[in-house]
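So the structure is just underneath, and the comments pick up after that.
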2 protein chains.
Amino acid sequence: MANQKMVEQITSMDVDFAQWYTDVVKKAELVDYSGVKGCMIIRPYGYAIWENIQKELDARFKKTGHENVYMPMFIPESLLQKEKDHVAGFAPECAIVTIGGQNHLSERLIVRPTSETLFCEHFKNIIQSYRDLPKLYNQWVNVVRWEKTTRPFLRTSEFLWQEGHTMHETEAEAREETQKMLKVYEEFYLNVLAIPAITGQKTDKEKFAGAEETYTIEPMMHNGVALQGGTSHYFGDGFAKAFDITFTGRDNKVNYPHQTSWGVSTRMIGAIIMAHGDDNGLILPPKVAPIQVVIIPVAQHKEGVLEKAAEVKARLEAAGYRVKLDDSDQSTGWKYSQYEMKGVPVRLEIGPRDIESNNCVLVSRVSREKNFVSLDNLEAEVEKMLTFVHDELVNRARVNLAEKTHEATSHEEFLDVAANKPGFIKAMWCGDSACEDQLKDETGGVKSRCIPFVEDHLSDTCVCCGRPAKHMVVWGRQY
Amino acid sequence: MANQKMVEQITSMDVDFAQWYTDVVKKAELVDYSGVKGCMIIRPYGYAIWENIQKELDARFKKTGHENVYMPMFIPESLLQKEKDHVAGFAPECAIVTIGGQNHLSERLIVRPTSETLFCEHFKNIIQSYRDLPKLYNQWVNVVRWEKTTRPFLRTSEFLWQEGHTMHETEAEAREETQKMLKVYEEFYLNVLAIPAITGQKTDKEKFAGAEETYTIEPMMHNGVALQGGTSHYFGDGFAKAFDITFTGRDNKVNYPHQTSWGVSTRMIGAIIMAHGDDNGLILPPKVAPIQVVIIPVAQHKEGVLEKAAEVKARLEAAGYRVKLDDSDQSTGWKYSQYEMKGVPVRLEIGPRDIESNNCVLVSRVSREKNFVSLDNLEAEVEKMLTFVHDELVNRARVNLAEKTHEATSHEEFLDVAANKPGFIKAMWCGDSACEDQLKDETGGVKSRCIPFVEDHLSDTCVCCGRPAKHMVVWGRQY
């Protein structure tokens with residue numbers, strides 16, 4: 001009953017998905033709103049997810065040879081303006097410092113929306129010879145993009161992210177880096193966040209301001225809406241030329257280096273919530289869950305129960321798991337609901353009868369069935385259940401992605417699917433951005449997500465204009 | 001000879017300490033200057049030191065029950081103004097955002113110089129009952145304090161730090177927290193950074209804007225100048241009252257909680273440089289050194305040398321050490337100088353003759369003597385030498401602190417010591433800030449560092465005015 005009471009507190013996904021999301025981020029104590037318009041407070045439980053994400057990703061970046069640095073958070077306006085496409089893309093959403101130390105500044109400072117320009121200024125100082133290449137840098141920082149309508153994690157004026165910035169001797173190396181880092185994201189989404197996703201290339205219309213090519217990972221949320229989950233950009237030597245970055249090559253001639261950048265942000269926490277959650281709240285992938293196992297003592301006033309629970313906790317912590325023992329005076333029913341809301345992958349119940357028979361009960365957040373396991377096999381059983389939760393989340397997300405991916409081979413069919421079936425639409429495209437604009441207008445927001453690396457051949461003609469098709473595009477609405 | 005060449009590139013400490021510092025931060029590749037006035041670029045080698053500092057400190061914060069969060073970087077001007085002393089202290093050095101998304105903002109946003117006000121706004125939302133206390137929060141973020149003259153790490157307009165913010169049910173608990181966190185800093189400085197330091201209470205004149213009491217750790221640099229190395233503040237319920245934060249107590253009455261905050265920053269990297277460095281460059285404490293052991297192969301073109309060097313590297317990495325093998329085509333002499341400049345605690349040389357006799361050579365950065373050790377005992381010998389370097393750095397810093405700490409019992413003596421002997425001065429004080437002002441003026445900058453926890457009784461009267469003394473103060477110049 002306590003359980004039911006808890007469940008009533010959040011809106012059902014089917015009734016109002018947006019309200020369900022808002023309820024979950026608040027009740028699971030991931031965020032709090034602040035008096036700063038469009039900015040969020042990330043609370044301990046939300047920030048712990050981010051710390052686990054950082055740990056996993058940072059290890060992958062270092063393993064692929066990248067080094068962390070820190071660039072200033074302010075960009076002099078003249079520096080941002082050096083690359084024309086770049087400034088055109090970002091100028092509308094800048095926060096600008098005009099006063100410092102009680103004086104009006106002679107040059108306005110942009111709070112970084114992204115840091116290509118700062119990295120380029122630095123690269124110019126430190127790259128002289130091919131021996132100085134590649135430079136493989138990353139930074140974990142806050143950035144600001146002024147947003148009109150905001151939602152926690154998905155779209156906020158300030159957010160946290162990592163931005164990789166690399167410089168290479170050759171175009172081939174830079175292109176390889178661009179693909180390599182997208183694959184790092186793809187592997188991370190699947191193996192850590194339990195989210196399978198479509199990857200591919202952005203159309204020219206959707207690419208990053210200043211990039212030659214943008215590659216993207218596009219996970220689908222439970223309701224069929226896409227979330228741009230991470231991007232990797234190939235810049236060619238455009239910024240290098242704008243910033244006059246040159247090096248003496250092996251041929252003893254002056255060359256421009258080739259550049260990439262790539263980033264993922266706290267949006268990923270939004271992806272976790274909306275890809276895996278259910279009407280009982282969050283379901284967290286075990287690899288980033290701040291609490292992997294919550295121990296709920298049953299009849300905890302009885303002799304020996306809390307001692308045994310503490311012993312079990314110590315054993316699991318020694319085995320490397322993140323464990324919480326809730327011995328507060330709340331009811332067990334309340335506790336069950338609370339940690340379901342918080343998406344803890346495994347619940348461990350232990351009471352007098354379990355102790356007598358050298359057992360405990362394990363309940364996974366995805367099946368919610370009781371499993372009686374011997375304490376002798378505790379660590380192995382917990383590991384098995386955490387693996388099960390991860391795999392089950394992947395399976396569910398795969399099924400959702402498959403069920404909500406549709407095909408359209410005619411204009412009418414495209415509009416019909418867009419109007420009636422939430423999810424992705426695979427459809428052929430001529431390569432003209434005018435058709436992207438038209439489809440977006442006609443559907444009230446369906447945009448090209450990407451040209452996937454593996455394209456199906458659905459027909460010979462563009463689903464919009466009927467001219468010869470160049471690519472199959474995955475289309476969808478987005479957060 | 002290569003060694004001498006390298007050494008010539010930096011200014012000697014005795015000739016010009018400030019120039020020595022600037023040379024070291026540049027040549028050891030810790031920072032680069034940027035086009036953003038007063039802001040620094042932290043390069044990979046500098047940032048890796050910061051990452052090691054973060055890892056060590058964060059573990060200590062978590063072990064003492066603190067949780068990490070993230071607050072917005074912008075503070076609405078009205079929020080900053082709620083606590084009068086606080087805003088008076090910080091207003092002169094604020095960077096202010098006045099434009100967002102191409103519109104003039106209706107309320108100006110301060111880029112956080114510190115985040116007490118934001119935490120208080122959040123605490124008001126989440127604290128209702130004594131059951132919600134304590135709140136033990138910390139965040140790792142960038143902050144901005146507009147500075148006129150800046151030096152890398154020591155004083156920059158933007159810097160990185162951690163700020164702990166806690167709320168407690170009782171005054172006693174909050175006072176205990178204030179002291180506990182100062183002790184965490186003291187232990188960290190000694191056991192991780194190898195810097196023994198004086199700790200104590202700031203005089204009213206020097207305390208944090210809005211605090212009731214400020215405690216400080218004051219390490220001494222090689223040249224006798226102090227660096228305020230970290231502070232811990234007790235706020236009483238001043239902010240709680242200004243922000244109307246209340247809770248229902250065990251007595252069922254409405255109470256104000258008691259507050260603390262505490263922080264250390266990237267300044268600590270400046271402390272490491274100036275406490276330990278020498279005319280050959282940096283000397284890094286082993287626990288935060290990005291490279292703990294650098295392996296330099298001798299006659300590396302000879303058969304088997306690079307293979308053996310790689311094997312040694314693998315062994316040391318498996319044992320948990322941070323190791324670099326430099327097999328570049330630079331001369332060994334250049335390499336020796338290069339890694340001395342970078343302050344690598346232990347150098348491992350290995351060549352054909354060493355391999356033949358199953359030996360290698362270990363050279364510590366502090367003694368620079370060659371030690372022939374058997375490869376059979378490699379890990380143990382490396383551990384021994386790293387411990388030796390740490391201990392030797394502590395000893396040297398202790399000797400420096402003792403040698404450069406003087407006593408003064410009369411006004412004349414105080415002025416004489418201040419003029420002629422770099423370092424700290426212990427002297428009695430009446431408790432009147434007018435005397436602090438006078439001494440600062442007369443000496444051109446000697447200020448009270450702190451009232452140490454253990455005071456000597458040097459005389460009965462204030463060294464400045466001759467009135468009865470209340471405390472012994474440690475005085476000194478500061479960065």
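All residue names refer to the structure tokens as shown: chains lettered A, B, ... in order, residues numbered from 1 in each chain, ligands numbered from 1 in order.
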
| If you run DSSP on this backbone, which residues of region 228-477 of chain B come out as strand (DSSP E), and could you give them as a PyMOL selection string? | chain B and resi 230-236+247-248+254-255+258-265+293-297+323-325+346-350+359-364+370-374+405-407+424-429+447-452+471-476

| Who sits within 7 Å of Thr170 (chain B), only C-alpha atoms, same chain under 4 positions skipped, as an MDAnalysis selection string | chainID B and resid 174 257:258

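Applying a distance limit of 7 Å to only C-alpha atoms, the residues of chain B near chain A read B:Val36, B:Cys39, B:Met40, B:Ile41, B:Ile42, B:Arg43, B:Pro44, B:Tyr47, B:Glu67, B:Asn68, B:Val69, B:Tyr70, B:Met71, B:Pro72, B:Phe74, B:Ile75, B:Pro76, B:Pro92, B:Glu93, B:Cys94, B:Ala95, B:Ile96, B:Val97, B:Thr98, B:Ile99, B:Gly100, B:Gly101, B:Gln102, B:Trp146.
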
With N, CA and C atoms retained, write the just-selected residues as a PDB file, in the first residue's frame.
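Final output, saved to part-v7.pdb:
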```pdb
ATOM      1  N   VAL B  36      42.764  35.970 -23.045  1.00  0.00           N
ATOM      2  CA  VAL B  36      41.742  36.412 -22.095  1.00  0.00           C
ATOM      3  C   VAL B  36      42.445  36.964 -20.876  1.00  0.00           C
ATOM      4  N   CYS B  39      43.277  35.292 -17.302  1.00  0.00           N
ATOM      5  CA  CYS B  39      42.902  33.881 -17.265  1.00  0.00           C
ATOM      6  C   CYS B  39      44.038  33.029 -17.815  1.00  0.00           C
ATOM      7  N   MET B  40      44.154  31.823 -17.304  1.00  0.00           N
ATOM      8  CA  MET B  40      45.256  30.960 -17.744  1.00  0.00           C
ATOM      9  C   MET B  40      44.729  29.697 -18.409  1.00  0.00           C
ATOM     10  N   ILE B  41      45.561  29.143 -19.272  1.00  0.00           N
ATOM     11  CA  ILE B  41      45.303  27.826 -19.841  1.00  0.00           C
ATOM     12  C   ILE B  41      46.102  26.828 -19.011  1.00  0.00           C
ATOM     13  N   ILE B  42      45.431  25.840 -18.448  1.00  0.00           N
ATOM     14  CA  ILE B  42      46.156  24.807 -17.702  1.00  0.00           C
ATOM     15  C   ILE B  42      46.443  23.668 -18.675  1.00  0.00           C
ATOM     16  N   ARG B  43      47.723  23.449 -18.952  1.00  0.00           N
ATOM     17  CA  ARG B  43      48.138  22.451 -19.937  1.00  0.00           C
ATOM     18  C   ARG B  43      48.101  21.037 -19.334  1.00  0.00           C
ATOM     19  N   PRO B  44      48.243  20.010 -20.166  1.00  0.00           N
ATOM     20  CA  PRO B  44      48.070  18.633 -19.660  1.00  0.00           C
ATOM     21  C   PRO B  44      48.904  18.312 -18.414  1.00  0.00           C
ATOM     22  N   TYR B  47      47.369  20.163 -15.532  1.00  0.00           N
ATOM     23  CA  TYR B  47      46.036  19.677 -15.203  1.00  0.00           C
ATOM     24  C   TYR B  47      46.092  18.294 -14.542  1.00  0.00           C
ATOM     25  N   GLU B  67      28.886  15.015   0.110  1.00  0.00           N
ATOM     26  CA  GLU B  67      28.382  14.644  -1.210  1.00  0.00           C
ATOM     27  C   GLU B  67      28.648  15.791  -2.183  1.00  0.00           C
ATOM     28  N   ASN B  68      28.935  15.442  -3.425  1.00  0.00           N
ATOM     29  CA  ASN B  68      29.162  16.475  -4.441  1.00  0.00           C
ATOM     30  C   ASN B  68      27.856  16.867  -5.119  1.00  0.00           C
ATOM     31  N   VAL B  69      27.759  18.148  -5.421  1.00  0.00           N
ATOM     32  CA  VAL B  69      26.600  18.685  -6.136  1.00  0.00           C
ATOM     33  C   VAL B  69      27.111  19.663  -7.187  1.00  0.00           C
ATOM     34  N   TYR B  70      26.169  20.222  -7.970  1.00  0.00           N
ATOM     35  CA  TYR B  70      26.557  21.295  -8.885  1.00  0.00           C
ATOM     36  C   TYR B  70      25.517  22.405  -8.874  1.00  0.00           C
ATOM     37  N   MET B  71      25.979  23.594  -8.520  1.00  0.00           N
ATOM     38  CA  MET B  71      25.126  24.789  -8.504  1.00  0.00           C
ATOM     39  C   MET B  71      25.353  25.594  -9.779  1.00  0.00           C
ATOM     40  N   PRO B  72      24.365  26.379 -10.182  1.00  0.00           N
ATOM     41  CA  PRO B  72      24.569  27.241 -11.350  1.00  0.00           C
ATOM     42  C   PRO B  72      25.771  28.166 -11.161  1.00  0.00           C
ATOM     43  N   PHE B  74      25.847  31.212 -12.356  1.00  0.00           N
ATOM     44  CA  PHE B  74      25.386  32.598 -12.318  1.00  0.00           C
ATOM     45  C   PHE B  74      24.597  32.863 -11.027  1.00  0.00           C
ATOM     46  N   ILE B  75      24.829  34.026 -10.454  1.00  0.00           N
ATOM     47  CA  ILE B  75      24.094  34.432  -9.254  1.00  0.00           C
ATOM     48  C   ILE B  75      23.330  35.716  -9.576  1.00  0.00           C
ATOM     49  N   PRO B  76      21.993  35.672  -9.512  1.00  0.00           N
ATOM     50  CA  PRO B  76      21.245  36.922  -9.724  1.00  0.00           C
ATOM     51  C   PRO B  76      21.732  37.972  -8.718  1.00  0.00           C
ATOM     52  N   PRO B  92      33.303  44.320  -5.439  1.00  0.00           N
ATOM     53  CA  PRO B  92      34.334  44.995  -6.235  1.00  0.00           C
ATOM     54  C   PRO B  92      35.027  44.095  -7.252  1.00  0.00           C
ATOM     55  N   GLU B  93      34.938  42.775  -7.084  1.00  0.00           N
ATOM     56  CA  GLU B  93      35.708  41.911  -7.985  1.00  0.00           C
ATOM     57  C   GLU B  93      34.824  40.984  -8.812  1.00  0.00           C
ATOM     58  N   CYS B  94      33.601  41.424  -9.091  1.00  0.00           N
ATOM     59  CA  CYS B  94      32.677  40.579  -9.853  1.00  0.00           C
ATOM     60  C   CYS B  94      32.784  40.790 -11.363  1.00  0.00           C
ATOM     61  N   ALA B  95      32.612  39.676 -12.096  1.00  0.00           N
ATOM     62  CA  ALA B  95      32.353  39.750 -13.536  1.00  0.00           C
ATOM     63  C   ALA B  95      30.845  39.609 -13.704  1.00  0.00           C
ATOM     64  N   ILE B  96      30.271  40.457 -14.535  1.00  0.00           N
ATOM     65  CA  ILE B  96      28.806  40.545 -14.591  1.00  0.00           C
ATOM     66  C   ILE B  96      28.289  40.338 -16.014  1.00  0.00           C
ATOM     67  N   VAL B  97      27.365  39.386 -16.140  1.00  0.00           N
ATOM     68  CA  VAL B  97      26.694  39.138 -17.422  1.00  0.00           C
ATOM     69  C   VAL B  97      25.490  40.068 -17.511  1.00  0.00           C
ATOM     70  N   THR B  98      25.453  40.859 -18.574  1.00  0.00           N
ATOM     71  CA  THR B  98      24.322  41.784 -18.747  1.00  0.00           C
ATOM     72  C   THR B  98      23.505  41.459 -19.989  1.00  0.00           C
ATOM     73  N   ILE B  99      24.040  40.580 -20.843  1.00  0.00           N
ATOM     74  CA  ILE B  99      23.358  40.240 -22.094  1.00  0.00           C
ATOM     75  C   ILE B  99      23.241  38.724 -22.205  1.00  0.00           C
ATOM     76  N   GLY B 100      22.055  38.254 -22.545  1.00  0.00           N
ATOM     77  CA  GLY B 100      21.838  36.830 -22.774  1.00  0.00           C
ATOM     78  C   GLY B 100      20.932  36.635 -23.966  1.00  0.00           C
ATOM     79  N   GLY B 101      21.336  35.781 -24.911  1.00  0.00           N
ATOM     80  CA  GLY B 101      20.493  35.544 -26.079  1.00  0.00           C
ATOM     81  C   GLY B 101      20.163  36.830 -26.819  1.00  0.00           C
ATOM     82  N   GLN B 102      21.130  37.733 -26.915  1.00  0.00           N
ATOM     83  CA  GLN B 102      21.015  39.008 -27.640  1.00  0.00           C
ATOM     84  C   GLN B 102      20.069  40.026 -26.993  1.00  0.00           C
ATOM     85  N   TRP B 146      37.578  39.198 -10.306  1.00  0.00           N
ATOM     86  CA  TRP B 146      38.298  40.068 -11.229  1.00  0.00           C
ATOM     87  C   TRP B 146      39.548  40.633 -10.573  1.00  0.00           C
TER      88      TRP B 146
END
```

| request: Might you pull out every residue within 7 Å of region 434-441 of chain B, with only C-alpha atoms counted and same-chain residues fewer than 6 positions away left off, and present them as a count of residues only? | output: 4

| field | Contacts of region 373-385 of chain B at 9 Å (only C-alpha atoms; same-chain gap of 3+ positions) as a list in words | value |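 Everything that qualifies: Val293, Val312, Arg315, Leu316, Ala319, Pro345, Val346, Ile355, Ser357, Asn358, Asn359, Cys360, Val361, Leu362, Val363, Ser364, Phe388, Val389 and His390 of chain B.
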
Please produce an output containing N, CA, C and O atoms for each residue in the selection, written as a PDB file, in the first residue's frame.
```
ATOM      1  N   VAL B 293      57.836   8.061 -12.084  1.00  0.00           N
ATOM      2  CA  VAL B 293      59.113   7.491 -12.508  1.00  0.00           C
ATOM      3  C   VAL B 293      59.254   7.695 -14.008  1.00  0.00           C
ATOM      4  O   VAL B 293      58.370   7.313 -14.772  1.00  0.00           O
ATOM      5  N   VAL B 312      60.357  -3.049 -17.886  1.00  0.00           N
ATOM      6  CA  VAL B 312      60.434  -2.368 -16.589  1.00  0.00           C
ATOM      7  C   VAL B 312      59.230  -1.456 -16.402  1.00  0.00           C
ATOM      8  O   VAL B 312      58.613  -1.409 -15.327  1.00  0.00           O
ATOM      9  N   ARG B 315      56.204  -3.495 -15.561  1.00  0.00           N
ATOM     10  CA  ARG B 315      56.241  -3.967 -14.175  1.00  0.00           C
ATOM     11  C   ARG B 315      55.826  -2.871 -13.203  1.00  0.00           C
ATOM     12  O   ARG B 315      55.039  -3.101 -12.283  1.00  0.00           O
ATOM     13  N   LEU B 316      56.368  -1.659 -13.412  1.00  0.00           N
ATOM     14  CA  LEU B 316      56.067  -0.569 -12.478  1.00  0.00           C
ATOM     15  C   LEU B 316      54.615  -0.118 -12.600  1.00  0.00           C
ATOM     16  O   LEU B 316      53.970   0.213 -11.605  1.00  0.00           O
ATOM     17  N   ALA B 319      52.461  -2.368 -10.774  1.00  0.00           N
ATOM     18  CA  ALA B 319      52.547  -2.138  -9.330  1.00  0.00           C
ATOM     19  C   ALA B 319      51.823  -0.849  -8.927  1.00  0.00           C
ATOM     20  O   ALA B 319      51.798  -0.485  -7.755  1.00  0.00           O
ATOM     21  N   PRO B 345      59.861  12.797  -9.670  1.00  0.00           N
ATOM     22  CA  PRO B 345      60.566  12.420  -8.429  1.00  0.00           C
ATOM     23  C   PRO B 345      61.693  11.405  -8.643  1.00  0.00           C
ATOM     24  O   PRO B 345      62.735  11.514  -8.016  1.00  0.00           O
ATOM     25  N   VAL B 346      61.472  10.420  -9.516  1.00  0.00           N
ATOM     26  CA  VAL B 346      62.483   9.372  -9.677  1.00  0.00           C
ATOM     27  C   VAL B 346      62.799   9.156 -11.159  1.00  0.00           C
ATOM     28  O   VAL B 346      61.902   9.022 -11.986  1.00  0.00           O
ATOM     29  N   ILE B 355      71.646  -3.994 -17.960  1.00  0.00           N
ATOM     30  CA  ILE B 355      70.851  -5.182 -18.283  1.00  0.00           C
ATOM     31  C   ILE B 355      71.678  -6.449 -18.069  1.00  0.00           C
ATOM     32  O   ILE B 355      71.208  -7.438 -17.500  1.00  0.00           O
ATOM     33  N   SER B 357      74.001  -6.912 -16.008  1.00  0.00           N
ATOM     34  CA  SER B 357      74.171  -7.241 -14.582  1.00  0.00           C
ATOM     35  C   SER B 357      72.840  -7.243 -13.829  1.00  0.00           C
ATOM     36  O   SER B 357      72.823  -7.190 -12.601  1.00  0.00           O
ATOM     37  N   ASN B 358      71.737  -7.260 -14.594  1.00  0.00           N
ATOM     38  CA  ASN B 358      70.398  -7.319 -13.980  1.00  0.00           C
ATOM     39  C   ASN B 358      70.145  -6.148 -13.028  1.00  0.00           C
ATOM     40  O   ASN B 358      69.510  -6.286 -12.008  1.00  0.00           O
ATOM     41  N   ASN B 359      70.655  -4.980 -13.437  1.00  0.00           N
ATOM     42  CA  ASN B 359      70.523  -3.781 -12.610  1.00  0.00           C
ATOM     43  C   ASN B 359      69.792  -2.667 -13.347  1.00  0.00           C
ATOM     44  O   ASN B 359      69.564  -2.755 -14.562  1.00  0.00           O
ATOM     45  N   CYS B 360      69.488  -1.626 -12.625  1.00  0.00           N
ATOM     46  CA  CYS B 360      69.192  -0.343 -13.244  1.00  0.00           C
ATOM     47  C   CYS B 360      69.685   0.738 -12.295  1.00  0.00           C
ATOM     48  O   CYS B 360      70.130   0.447 -11.186  1.00  0.00           O
ATOM     49  N   VAL B 361      69.635   1.978 -12.755  1.00  0.00           N
ATOM     50  CA  VAL B 361      70.078   3.093 -11.926  1.00  0.00           C
ATOM     51  C   VAL B 361      68.864   3.927 -11.550  1.00  0.00           C
ATOM     52  O   VAL B 361      68.069   4.294 -12.416  1.00  0.00           O
ATOM     53  N   LEU B 362      68.697   4.194 -10.275  1.00  0.00           N
ATOM     54  CA  LEU B 362      67.635   5.095  -9.818  1.00  0.00           C
ATOM     55  C   LEU B 362      68.264   6.388  -9.309  1.00  0.00           C
ATOM     56  O   LEU B 362      69.240   6.359  -8.560  1.00  0.00           O
ATOM     57  N   VAL B 363      67.702   7.507  -9.745  1.00  0.00           N
ATOM     58  CA  VAL B 363      68.183   8.812  -9.307  1.00  0.00           C
ATOM     59  C   VAL B 363      66.992   9.611  -8.779  1.00  0.00           C
ATOM     60  O   VAL B 363      66.000   9.788  -9.495  1.00  0.00           O
ATOM     61  N   SER B 364      67.085  10.065  -7.540  1.00  0.00           N
ATOM     62  CA  SER B 364      65.962  10.852  -7.020  1.00  0.00           C
ATOM     63  C   SER B 364      66.151  12.308  -7.387  1.00  0.00           C
ATOM     64  O   SER B 364      67.281  12.801  -7.480  1.00  0.00           O
ATOM     65  N   PHE B 388      61.306   8.345   0.124  1.00  0.00           N
ATOM     66  CA  PHE B 388      62.438   9.211   0.481  1.00  0.00           C
ATOM     67  C   PHE B 388      62.225  10.624  -0.060  1.00  0.00           C
ATOM     68  O   PHE B 388      62.453  11.615   0.648  1.00  0.00           O
ATOM     69  N   VAL B 389      61.780  10.728  -1.303  1.00  0.00           N
ATOM     70  CA  VAL B 389      61.569  12.061  -1.892  1.00  0.00           C
ATOM     71  C   VAL B 389      60.506  12.816  -1.093  1.00  0.00           C
ATOM     72  O   VAL B 389      60.692  13.986  -0.739  1.00  0.00           O
ATOM     73  N   HIS B 390      59.400  12.133  -0.808  1.00  0.00           N
ATOM     74  CA  HIS B 390      58.336  12.793  -0.026  1.00  0.00           C
ATOM     75  C   HIS B 390      58.892  13.280   1.317  1.00  0.00           C
ATOM     76  O   HIS B 390      58.708  14.444   1.694  1.00  0.00           O
TER      77      HIS B 390
END
```

| remark: Correct to one decimal, the distance CA of Glu212 (chain B)-CA of Gly236 (chain B) is 6.4 Å

| field | Contact residues around region 454-458 of chain B with only C-alpha atoms at 8 Å, ignoring same-chain residues under 2 positions, as a ChimeraX atom specification | value | /B:409,427-428,451-452,460,471-473

| task | May I ask which of the residues B:Thr11, B:Leu57, B:His222, B:Ser115 is the closest one to Ile195 (chain B), counting only C-alpha atoms? | result |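 Smallest distance to Ile195 (chain B) is found for B:His222.
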
Can you list, as a CSV table (one decimal) with C-alpha atoms, in the first residue's frame, all residues belonging to region 162-196 of chain A that DSSP tags as alpha helix (DSSP H)?
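Ended up saving to states_21.csv:
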```
chain,number,residue,atom,x,y,z
A,171,GLU,CA,43.3,14.6,-43.2
A,172,ALA,CA,43.1,10.8,-42.9
A,173,GLU,CA,44.2,10.9,-39.3
A,174,ALA,CA,41.7,13.5,-38.4
A,175,ARG,CA,38.9,11.6,-40.1
A,176,GLU,CA,39.9,8.5,-38.3
A,177,GLU,CA,39.8,10.3,-35.0
A,178,THR,CA,36.3,11.7,-35.7
A,179,GLN,CA,35.0,8.2,-36.3
A,180,LYS,CA,37.0,6.6,-33.5
A,181,MET,CA,35.4,9.0,-30.9
A,182,LEU,CA,31.9,8.5,-32.2
A,183,LYS,CA,32.5,4.7,-31.8
A,184,VAL,CA,33.7,5.4,-28.2
A,185,TYR,CA,30.4,7.1,-27.6
A,186,GLU,CA,28.5,4.3,-29.2
A,187,GLU,CA,30.2,1.6,-27.2
A,188,PHE,CA,29.7,3.7,-24.0
A,189,TYR,CA,26.0,4.2,-24.6
A,190,LEU,CA,25.5,0.5,-25.2
A,191,ASN,CA,27.8,-1.0,-22.6
```

| request: Considering only C-alpha atoms, return as an MDAnalysis selection string whatever protein or nucleic-acid residues lie within 12 Å of region 18-25 of chain A, sequence-local ones (same chain, fewer than 6 positions apart) excluded. | output: chainID A and resid 6:12 31:33 40:43 45:46 150:154 221:223 225 269:283 338 340:343 479

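Those residues that approach Trp161 (chain A) to within 7 Å, counting only C-alpha atoms, are Trp140, Val141, Asn142, Gly263, Val264, Ser265 and Thr266 of chain A; same-chain residues fewer than 4 positions away are not listed.
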
| query | From the list A:Arg398, A:Arg155, A:Lys63, A:Lys404, which residue is nearest Gly423 (chain A) when using only C-alpha atoms? | reply |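 With only C-alpha atoms as the atom set, the closest residue is A:Lys404.
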
| task | Work out how far CA of Gln162 (chain A) is from CA of Asp85 (chain A), in Å to one decimal. | result | 22.1 Å
